[in-house]
file final23.cif (mmCIF, N, CA, C and O atoms and all ligand atoms)
data_final
#
loop_
_atom_site.label_atom_id
_atom_site.label_comp_id
_atom_site.auth_asym_id
_atom_site.auth_seq_id
_atom_site.Cartn_x
_atom_site.Cartn_y
_atom_site.Cartn_z
N MET A 1392 -10.54 -1.37 10.05
CA MET A 1392 -9.79 -0.31 9.35
C MET A 1392 -10.63 0.23 8.18
O MET A 1392 -11.15 -0.54 7.36
N ASP A 1393 -10.76 1.52 8.10
CA ASP A 1393 -11.51 2.17 7.03
C ASP A 1393 -10.75 2.04 5.71
O ASP A 1393 -9.58 2.36 5.62
N LYS A 1394 -11.43 1.52 4.67
CA LYS A 1394 -10.76 1.28 3.40
C LYS A 1394 -11.33 2.12 2.27
O LYS A 1394 -10.96 1.93 1.12
N SER A 1395 -12.24 3.03 2.60
CA SER A 1395 -12.91 3.80 1.55
C SER A 1395 -11.91 4.64 0.73
O SER A 1395 -12.17 4.94 -0.42
N TRP A 1396 -10.76 4.95 1.33
CA TRP A 1396 -9.76 5.78 0.65
C TRP A 1396 -9.14 5.06 -0.54
O TRP A 1396 -8.59 5.70 -1.44
N ILE A 1397 -9.20 3.71 -0.57
CA ILE A 1397 -8.56 2.95 -1.64
C ILE A 1397 -9.11 3.34 -3.00
O ILE A 1397 -8.38 3.38 -3.99
N THR A 1398 -10.40 3.66 -3.05
CA THR A 1398 -11.01 4.01 -4.33
C THR A 1398 -10.91 5.50 -4.65
O THR A 1398 -11.33 5.93 -5.71
N LYS A 1399 -10.34 6.27 -3.71
CA LYS A 1399 -10.18 7.71 -3.96
C LYS A 1399 -9.06 7.95 -4.96
O LYS A 1399 -8.20 7.09 -5.18
N ALA A 1400 -9.05 9.12 -5.56
CA ALA A 1400 -8.01 9.48 -6.52
C ALA A 1400 -6.64 9.45 -5.85
O ALA A 1400 -6.50 9.83 -4.69
N LYS A 1401 -5.63 8.96 -6.60
CA LYS A 1401 -4.29 8.78 -6.03
C LYS A 1401 -3.66 10.09 -5.56
O LYS A 1401 -2.77 10.08 -4.73
N TRP A 1402 -4.09 11.20 -6.17
CA TRP A 1402 -3.50 12.50 -5.79
C TRP A 1402 -4.29 13.15 -4.64
O TRP A 1402 -3.93 14.22 -4.18
N SER A 1403 -5.37 12.50 -4.21
CA SER A 1403 -6.16 13.11 -3.14
C SER A 1403 -5.47 12.93 -1.79
O SER A 1403 -4.71 12.00 -1.58
N ARG A 1404 -5.78 13.87 -0.89
CA ARG A 1404 -5.17 13.86 0.45
C ARG A 1404 -5.59 12.59 1.20
O ARG A 1404 -4.78 11.96 1.87
N ASP A 1405 -6.86 12.21 1.05
CA ASP A 1405 -7.38 11.03 1.74
C ASP A 1405 -6.61 9.77 1.33
O ASP A 1405 -6.32 8.91 2.15
N TYR A 1406 -6.28 9.68 0.03
CA TYR A 1406 -5.57 8.50 -0.45
C TYR A 1406 -4.17 8.42 0.13
O TYR A 1406 -3.75 7.38 0.62
N VAL A 1407 -3.45 9.55 0.09
CA VAL A 1407 -2.07 9.58 0.60
C VAL A 1407 -2.06 9.27 2.10
O VAL A 1407 -1.23 8.48 2.58
N ILE A 1408 -3.01 9.83 2.84
CA ILE A 1408 -3.11 9.55 4.28
C ILE A 1408 -3.43 8.06 4.48
O ILE A 1408 -2.86 7.40 5.35
N GLY A 1409 -4.31 7.52 3.64
CA GLY A 1409 -4.68 6.11 3.72
C GLY A 1409 -3.48 5.20 3.50
O GLY A 1409 -3.30 4.22 4.21
N VAL A 1410 -2.65 5.54 2.49
CA VAL A 1410 -1.45 4.74 2.22
C VAL A 1410 -0.50 4.80 3.42
O VAL A 1410 0.03 3.77 3.85
N ASN A 1411 -0.33 5.98 3.99
CA ASN A 1411 0.53 6.12 5.16
C ASN A 1411 0.02 5.27 6.32
O ASN A 1411 0.81 4.61 7.00
N ASN A 1412 -1.29 5.28 6.54
CA ASN A 1412 -1.89 4.47 7.60
C ASN A 1412 -1.70 2.98 7.31
O ASN A 1412 -1.45 2.20 8.23
N PHE A 1413 -1.84 2.61 6.05
CA PHE A 1413 -1.68 1.21 5.65
C PHE A 1413 -0.26 0.73 5.96
O PHE A 1413 -0.06 -0.33 6.54
N ILE A 1414 0.73 1.55 5.57
CA ILE A 1414 2.14 1.19 5.80
C ILE A 1414 2.40 1.09 7.31
O ILE A 1414 3.07 0.17 7.77
N GLU A 1415 1.83 2.02 8.05
CA GLU A 1415 2.00 2.00 9.51
C GLU A 1415 1.35 0.75 10.10
O GLU A 1415 1.90 0.08 10.98
N PHE A 1416 0.16 0.42 9.59
CA PHE A 1416 -0.58 -0.76 10.03
C PHE A 1416 0.23 -2.03 9.77
O PHE A 1416 0.37 -2.89 10.65
N VAL A 1417 0.80 -2.13 8.57
CA VAL A 1417 1.58 -3.31 8.20
C VAL A 1417 2.86 -3.37 9.04
O VAL A 1417 3.24 -4.43 9.53
N SER A 1418 3.49 -2.22 9.23
CA SER A 1418 4.77 -2.20 9.94
C SER A 1418 4.62 -2.55 11.42
O SER A 1418 5.58 -2.91 12.08
N ARG A 1419 3.38 -2.45 11.95
CA ARG A 1419 3.15 -2.81 13.34
C ARG A 1419 3.21 -4.33 13.52
O ARG A 1419 3.57 -4.82 14.57
N SER A 1420 2.83 -5.07 12.47
CA SER A 1420 2.82 -6.52 12.57
C SER A 1420 4.06 -7.15 11.92
O SER A 1420 4.29 -8.34 12.04
N GLN A 1421 4.84 -6.34 11.21
CA GLN A 1421 6.01 -6.88 10.51
C GLN A 1421 7.27 -6.18 11.00
O GLN A 1421 7.22 -5.04 11.43
N ASN A 1422 8.38 -6.89 10.87
CA ASN A 1422 9.67 -6.27 11.11
C ASN A 1422 9.90 -5.23 10.00
O ASN A 1422 9.73 -5.54 8.82
N LEU A 1423 10.27 -4.03 10.35
CA LEU A 1423 10.42 -2.95 9.37
C LEU A 1423 11.44 -3.28 8.28
O LEU A 1423 11.33 -2.81 7.16
N SER A 1424 12.45 -4.06 8.60
CA SER A 1424 13.50 -4.38 7.62
C SER A 1424 13.05 -5.49 6.67
O SER A 1424 13.68 -5.76 5.67
N ARG A 1425 11.90 -6.13 7.04
CA ARG A 1425 11.41 -7.22 6.22
C ARG A 1425 10.71 -6.69 4.97
O ARG A 1425 10.09 -5.64 5.01
N LYS A 1426 10.79 -7.47 3.90
CA LYS A 1426 10.09 -7.06 2.68
C LYS A 1426 8.66 -7.61 2.73
O LYS A 1426 8.41 -8.67 3.27
N ILE A 1427 7.74 -6.85 2.15
CA ILE A 1427 6.34 -7.27 2.16
C ILE A 1427 5.84 -7.41 0.72
O ILE A 1427 6.41 -6.82 -0.20
N LEU A 1428 4.77 -8.17 0.55
CA LEU A 1428 4.16 -8.31 -0.76
C LEU A 1428 3.54 -6.98 -1.15
O LEU A 1428 2.81 -6.37 -0.37
N CYS A 1429 3.82 -6.54 -2.37
CA CYS A 1429 3.31 -5.24 -2.81
C CYS A 1429 1.93 -5.40 -3.46
O CYS A 1429 1.79 -6.13 -4.44
N PRO A 1430 0.90 -4.72 -2.90
CA PRO A 1430 -0.45 -4.84 -3.46
C PRO A 1430 -0.77 -3.80 -4.52
O PRO A 1430 -1.94 -3.49 -4.76
N CYS A 1431 0.24 -3.25 -5.19
CA CYS A 1431 -0.03 -2.23 -6.21
C CYS A 1431 -0.50 -2.89 -7.51
O CYS A 1431 -0.43 -4.10 -7.68
N LYS A 1432 -0.93 -2.05 -8.46
CA LYS A 1432 -1.48 -2.52 -9.74
C LYS A 1432 -0.47 -3.32 -10.56
O LYS A 1432 -0.86 -4.19 -11.32
N SER A 1433 0.81 -3.00 -10.44
CA SER A 1433 1.82 -3.70 -11.24
C SER A 1433 2.27 -5.00 -10.58
O SER A 1433 2.50 -6.00 -11.26
N CYS A 1434 2.40 -4.99 -9.26
CA CYS A 1434 2.94 -6.17 -8.56
C CYS A 1434 1.85 -7.18 -8.22
O CYS A 1434 2.11 -8.39 -8.23
N ILE A 1435 0.65 -6.71 -7.93
CA ILE A 1435 -0.51 -7.57 -7.60
C ILE A 1435 -0.14 -8.68 -6.61
O ILE A 1435 -0.40 -9.86 -6.86
N ASN A 1436 0.50 -8.29 -5.52
CA ASN A 1436 0.86 -9.24 -4.45
C ASN A 1436 1.76 -10.37 -4.94
O ASN A 1436 1.74 -11.46 -4.39
N ARG A 1437 2.56 -10.13 -5.98
CA ARG A 1437 3.43 -11.18 -6.50
C ARG A 1437 4.88 -10.95 -6.11
O ARG A 1437 5.69 -11.88 -6.15
N TYR A 1438 5.25 -9.69 -5.80
CA TYR A 1438 6.65 -9.38 -5.54
C TYR A 1438 6.83 -8.75 -4.17
O TYR A 1438 5.99 -7.99 -3.71
N PHE A 1439 7.97 -9.07 -3.56
CA PHE A 1439 8.30 -8.51 -2.25
C PHE A 1439 9.17 -7.27 -2.41
O PHE A 1439 10.13 -7.28 -3.18
N TYR A 1440 8.82 -6.23 -1.69
CA TYR A 1440 9.63 -5.01 -1.67
C TYR A 1440 9.68 -4.45 -0.26
O TYR A 1440 8.86 -4.84 0.60
N SER A 1441 10.60 -3.53 -0.03
CA SER A 1441 10.67 -2.87 1.27
C SER A 1441 9.47 -1.95 1.41
O SER A 1441 8.83 -1.57 0.43
N MET A 1442 9.15 -1.59 2.65
CA MET A 1442 8.00 -0.72 2.94
C MET A 1442 8.06 0.57 2.12
O MET A 1442 7.06 1.05 1.62
N LYS A 1443 9.27 1.13 2.01
CA LYS A 1443 9.43 2.40 1.32
C LYS A 1443 9.05 2.26 -0.16
O LYS A 1443 8.35 3.11 -0.70
N VAL A 1444 9.50 1.19 -0.78
CA VAL A 1444 9.20 0.96 -2.20
C VAL A 1444 7.70 0.70 -2.39
O VAL A 1444 7.08 1.24 -3.30
N VAL A 1445 7.12 -0.11 -1.48
CA VAL A 1445 5.69 -0.40 -1.57
C VAL A 1445 4.89 0.89 -1.46
O VAL A 1445 3.93 1.11 -2.21
N LYS A 1446 5.30 1.75 -0.55
CA LYS A 1446 4.61 3.03 -0.38
C LYS A 1446 4.68 3.85 -1.68
O LYS A 1446 3.66 4.39 -2.13
N ASP A 1447 5.87 3.89 -2.29
CA ASP A 1447 6.03 4.61 -3.56
C ASP A 1447 5.12 4.02 -4.63
O ASP A 1447 4.47 4.75 -5.38
N HIS A 1448 5.07 2.70 -4.71
CA HIS A 1448 4.23 2.03 -5.70
C HIS A 1448 2.76 2.40 -5.51
O HIS A 1448 2.05 2.68 -6.47
N LEU A 1449 2.31 2.37 -4.23
CA LEU A 1449 0.90 2.63 -3.97
C LEU A 1449 0.53 4.07 -4.28
O LEU A 1449 -0.58 4.36 -4.74
N ILE A 1450 1.48 4.99 -4.05
CA ILE A 1450 1.21 6.40 -4.35
C ILE A 1450 1.20 6.63 -5.86
O ILE A 1450 0.37 7.37 -6.38
N THR A 1451 2.10 5.98 -6.60
CA THR A 1451 2.22 6.26 -8.03
C THR A 1451 1.31 5.36 -8.88
O THR A 1451 0.79 5.81 -9.90
N LYS A 1452 1.12 4.09 -8.48
CA LYS A 1452 0.34 3.16 -9.32
C LYS A 1452 -1.05 2.88 -8.75
O LYS A 1452 -1.97 2.57 -9.50
N GLY A 1453 -1.20 2.91 -7.43
CA GLY A 1453 -2.47 2.58 -6.81
C GLY A 1453 -2.59 1.10 -6.51
O GLY A 1453 -1.78 0.29 -6.98
N PHE A 1454 -3.59 0.71 -5.71
CA PHE A 1454 -3.82 -0.69 -5.38
C PHE A 1454 -4.40 -1.42 -6.58
O PHE A 1454 -5.08 -0.82 -7.41
N PHE A 1455 -4.14 -2.73 -6.66
CA PHE A 1455 -4.78 -3.49 -7.75
C PHE A 1455 -6.26 -3.62 -7.42
O PHE A 1455 -6.64 -3.66 -6.25
N PRO A 1456 -7.12 -3.67 -8.46
CA PRO A 1456 -8.57 -3.73 -8.22
C PRO A 1456 -8.95 -4.98 -7.42
O PRO A 1456 -8.45 -6.06 -7.71
N GLY A 1457 -9.80 -4.81 -6.45
CA GLY A 1457 -10.26 -5.95 -5.67
C GLY A 1457 -9.42 -6.24 -4.45
O GLY A 1457 -9.71 -7.16 -3.71
N TYR A 1458 -8.36 -5.43 -4.23
CA TYR A 1458 -7.53 -5.67 -3.06
C TYR A 1458 -8.31 -5.36 -1.78
O TYR A 1458 -8.98 -4.35 -1.69
N VAL A 1459 -8.22 -6.26 -0.80
CA VAL A 1459 -8.88 -6.07 0.49
C VAL A 1459 -7.84 -6.17 1.58
O VAL A 1459 -7.08 -7.14 1.63
N ILE A 1460 -7.79 -5.16 2.44
CA ILE A 1460 -6.83 -5.17 3.54
C ILE A 1460 -7.30 -6.19 4.57
O ILE A 1460 -8.46 -6.15 4.97
ZN ZN B 1 4.28 -2.65 -6.44
#
call {"tool": "encode", "arguments": {"input": "final23.cif", "output": "structure tokens"}}
result
Amino acid sequence: MDKSWITKAKWSRDYVIGVNNFIEFVSRSQNLSRKILCPCKSCINRYFYSMKVVKDHLITKGFFPGYVI
């Protein structure tokens, strides 16, 4: 999976598309109703949220530094 978009600006098209692909990628291996660990800057993989919330976090806050898919 291409991860170069993670370091792109949060408002860039590449980043938003990357987040969408990431959520889709995760949802393929997880039950959609299940909560997942949020890899955003505030949660740093410590808190579980629904896919929709995680997507919002990633769009507004970005991934925490050093996160690897
Ligand atoms: Zn978060």
call {"tool": "atom_distance", "arguments": {"input": "final23.cif", "atom1": "atom C of Tyr1440 of chain A", "atom2": "atom C of Phe1416 of chain A"}}
result
14.0 Å
call {"tool": "residues_near_ligand", "arguments": {"input": "final23.cif", "ligand": "ligand ZN 1 (chain B)", "cutoff": "5 Å", "atoms": "all atoms listed in the file", "output": "compact mmCIF listing (two decimals) with N, CA, C and O atoms, in the frame of the given file"}}
result
# COMPACT_ATOMS: atom_id res chain seq x y z
N CYS A 1429 3.82 -6.54 -2.37
CA CYS A 1429 3.31 -5.24 -2.81
C CYS A 1429 1.93 -5.40 -3.46
O CYS A 1429 1.79 -6.13 -4.44
N CYS A 1431 0.24 -3.25 -5.19
CA CYS A 1431 -0.03 -2.23 -6.21
C CYS A 1431 -0.50 -2.89 -7.51
O CYS A 1431 -0.43 -4.10 -7.68
N CYS A 1434 2.40 -4.99 -9.26
CA CYS A 1434 2.94 -6.17 -8.56
C CYS A 1434 1.85 -7.18 -8.22
O CYS A 1434 2.11 -8.39 -8.23
N HIS A 1448 5.07 2.70 -4.71
CA HIS A 1448 4.23 2.03 -5.70
C HIS A 1448 2.76 2.40 -5.51
O HIS A 1448 2.05 2.68 -6.47
call {"tool": "residues_near_point", "arguments": {"input": "final23.cif", "point": "(2.6, -0.7, -5.2)", "cutoff": "8 Å", "atoms": "only C-alpha atoms", "output": "list in words"}}
result
Cys1429, Pro1430, Cys1431, Lys1432, Ser1433, Cys1434, Ile1435, Val1444, Val1445, Lys1446, Asp1447, His1448, Leu1449, Ile1450, Thr1451, Lys1452, Gly1453 and Phe1454 of chain A
call {"tool": "atom_distance", "arguments": {"input": "final23.cif", "atom1": "atom CA of Lys1443 of chain A", "atom2": "atom CA of Tyr1406 of chain A"}}
result
16.3 Å
call {"tool": "atom_distance", "arguments": {"input": "final23.cif", "atom1": "atom CA of Met1442 of chain A", "atom2": "atom CA of Gln1421 of chain A"}}
result
10.0 Å
call {"tool": "select_by_dssp", "arguments": {"input": "final23.cif", "residues": "chain A", "states": "strand (DSSP E)", "output": "list in words"}}
result
Ile1427, Leu1428, Phe1439 and Tyr1440 of chain A
call {"tool": "select_by_dssp", "arguments": {"input": "final23.cif", "residues": "chain A", "states": "helix (DSSP H, G or I)", "output": "ChimeraX atom specification"}}
result
/A:1395-1398,1404-1420,1442-1451
call {"tool": "residues_around", "arguments": {"input": "final23.cif", "residues": "segment 1397-1400 of chain A", "least_positions_apart": "2", "cutoff": "12 Å", "atoms": "only C-alpha atoms", "output": "MDAnalysis selection string"}}
result
chainID A and resid 1392:1395 1402:1413 1430:1431 1449:1460
call {"tool": "write_last_selection", "arguments": {"input": "final23.cif", "atoms": "N, CA, C and O atoms", "output": "short mmCIF file (atom, residue, chain, number, x, y, z; two decimals), in the frame of the given file"}}
result
data_model
loop_
_atom_site.label_atom_id
_atom_site.label_comp_id
_atom_site.auth_asym_id
_atom_site.auth_seq_id
_atom_site.Cartn_x
_atom_site.Cartn_y
_atom_site.Cartn_z
N MET A 1392 -10.54 -1.37 10.05
CA MET A 1392 -9.79 -0.31 9.35
C MET A 1392 -10.63 0.23 8.18
O MET A 1392 -11.15 -0.54 7.36
N ASP A 1393 -10.76 1.52 8.10
CA ASP A 1393 -11.51 2.17 7.03
C ASP A 1393 -10.75 2.04 5.71
O ASP A 1393 -9.58 2.36 5.62
N LYS A 1394 -11.43 1.52 4.67
CA LYS A 1394 -10.76 1.28 3.40
C LYS A 1394 -11.33 2.12 2.27
O LYS A 1394 -10.96 1.93 1.12
N SER A 1395 -12.24 3.03 2.60
CA SER A 1395 -12.91 3.80 1.55
C SER A 1395 -11.91 4.64 0.73
O SER A 1395 -12.17 4.94 -0.42
N TRP A 1402 -4.09 11.20 -6.17
CA TRP A 1402 -3.50 12.50 -5.79
C TRP A 1402 -4.29 13.15 -4.64
O TRP A 1402 -3.93 14.22 -4.18
N SER A 1403 -5.37 12.50 -4.21
CA SER A 1403 -6.16 13.11 -3.14
C SER A 1403 -5.47 12.93 -1.79
O SER A 1403 -4.71 12.00 -1.58
N ARG A 1404 -5.78 13.87 -0.89
CA ARG A 1404 -5.17 13.86 0.45
C ARG A 1404 -5.59 12.59 1.20
O ARG A 1404 -4.78 11.96 1.87
N ASP A 1405 -6.86 12.21 1.05
CA ASP A 1405 -7.38 11.03 1.74
C ASP A 1405 -6.61 9.77 1.33
O ASP A 1405 -6.32 8.91 2.15
N TYR A 1406 -6.28 9.68 0.03
CA TYR A 1406 -5.57 8.50 -0.45
C TYR A 1406 -4.17 8.42 0.13
O TYR A 1406 -3.75 7.38 0.62
N VAL A 1407 -3.45 9.55 0.09
CA VAL A 1407 -2.07 9.58 0.60
C VAL A 1407 -2.06 9.27 2.10
O VAL A 1407 -1.23 8.48 2.58
N ILE A 1408 -3.01 9.83 2.84
CA ILE A 1408 -3.11 9.55 4.28
C ILE A 1408 -3.43 8.06 4.48
O ILE A 1408 -2.86 7.40 5.35
N GLY A 1409 -4.31 7.52 3.64
CA GLY A 1409 -4.68 6.11 3.72
C GLY A 1409 -3.48 5.20 3.50
O GLY A 1409 -3.30 4.22 4.21
N VAL A 1410 -2.65 5.54 2.49
CA VAL A 1410 -1.45 4.74 2.22
C VAL A 1410 -0.50 4.80 3.42
O VAL A 1410 0.03 3.77 3.85
N ASN A 1411 -0.33 5.98 3.99
CA ASN A 1411 0.53 6.12 5.16
C ASN A 1411 0.02 5.27 6.32
O ASN A 1411 0.81 4.61 7.00
N ASN A 1412 -1.29 5.28 6.54
CA ASN A 1412 -1.89 4.47 7.60
C ASN A 1412 -1.70 2.98 7.31
O ASN A 1412 -1.45 2.20 8.23
N PHE A 1413 -1.84 2.61 6.05
CA PHE A 1413 -1.68 1.21 5.65
C PHE A 1413 -0.26 0.73 5.96
O PHE A 1413 -0.06 -0.33 6.54
N PRO A 1430 0.90 -4.72 -2.90
CA PRO A 1430 -0.45 -4.84 -3.46
C PRO A 1430 -0.77 -3.80 -4.52
O PRO A 1430 -1.94 -3.49 -4.76
N CYS A 1431 0.24 -3.25 -5.19
CA CYS A 1431 -0.03 -2.23 -6.21
C CYS A 1431 -0.50 -2.89 -7.51
O CYS A 1431 -0.43 -4.10 -7.68
N LEU A 1449 2.31 2.37 -4.23
CA LEU A 1449 0.90 2.63 -3.97
C LEU A 1449 0.53 4.07 -4.28
O LEU A 1449 -0.58 4.36 -4.74
N ILE A 1450 1.48 4.99 -4.05
CA ILE A 1450 1.21 6.40 -4.35
C ILE A 1450 1.20 6.63 -5.86
O ILE A 1450 0.37 7.37 -6.38
N THR A 1451 2.10 5.98 -6.60
CA THR A 1451 2.22 6.26 -8.03
C THR A 1451 1.31 5.36 -8.88
O THR A 1451 0.79 5.81 -9.90
N LYS A 1452 1.12 4.09 -8.48
CA LYS A 1452 0.34 3.16 -9.32
C LYS A 1452 -1.05 2.88 -8.75
O LYS A 1452 -1.97 2.57 -9.50
N GLY A 1453 -1.20 2.91 -7.43
CA GLY A 1453 -2.47 2.58 -6.81
C GLY A 1453 -2.59 1.10 -6.51
O GLY A 1453 -1.78 0.29 -6.98
N PHE A 1454 -3.59 0.71 -5.71
CA PHE A 1454 -3.82 -0.69 -5.38
C PHE A 1454 -4.40 -1.42 -6.58
O PHE A 1454 -5.08 -0.82 -7.41
N PHE A 1455 -4.14 -2.73 -6.66
CA PHE A 1455 -4.78 -3.49 -7.75
C PHE A 1455 -6.26 -3.62 -7.42
O PHE A 1455 -6.64 -3.66 -6.25
N PRO A 1456 -7.12 -3.67 -8.46
CA PRO A 1456 -8.57 -3.73 -8.22
C PRO A 1456 -8.95 -4.98 -7.42
O PRO A 1456 -8.45 -6.06 -7.71
N GLY A 1457 -9.80 -4.81 -6.45
CA GLY A 1457 -10.26 -5.95 -5.67
C GLY A 1457 -9.42 -6.24 -4.45
O GLY A 1457 -9.71 -7.16 -3.71
N TYR A 1458 -8.36 -5.43 -4.23
CA TYR A 1458 -7.53 -5.67 -3.06
C TYR A 1458 -8.31 -5.36 -1.78
O TYR A 1458 -8.98 -4.35 -1.69
N VAL A 1459 -8.22 -6.26 -0.80
CA VAL A 1459 -8.88 -6.07 0.49
C VAL A 1459 -7.84 -6.17 1.58
O VAL A 1459 -7.08 -7.14 1.63
N ILE A 1460 -7.79 -5.16 2.44
CA ILE A 1460 -6.83 -5.17 3.54
C ILE A 1460 -7.30 -6.19 4.57
O ILE A 1460 -8.46 -6.15 4.97
#
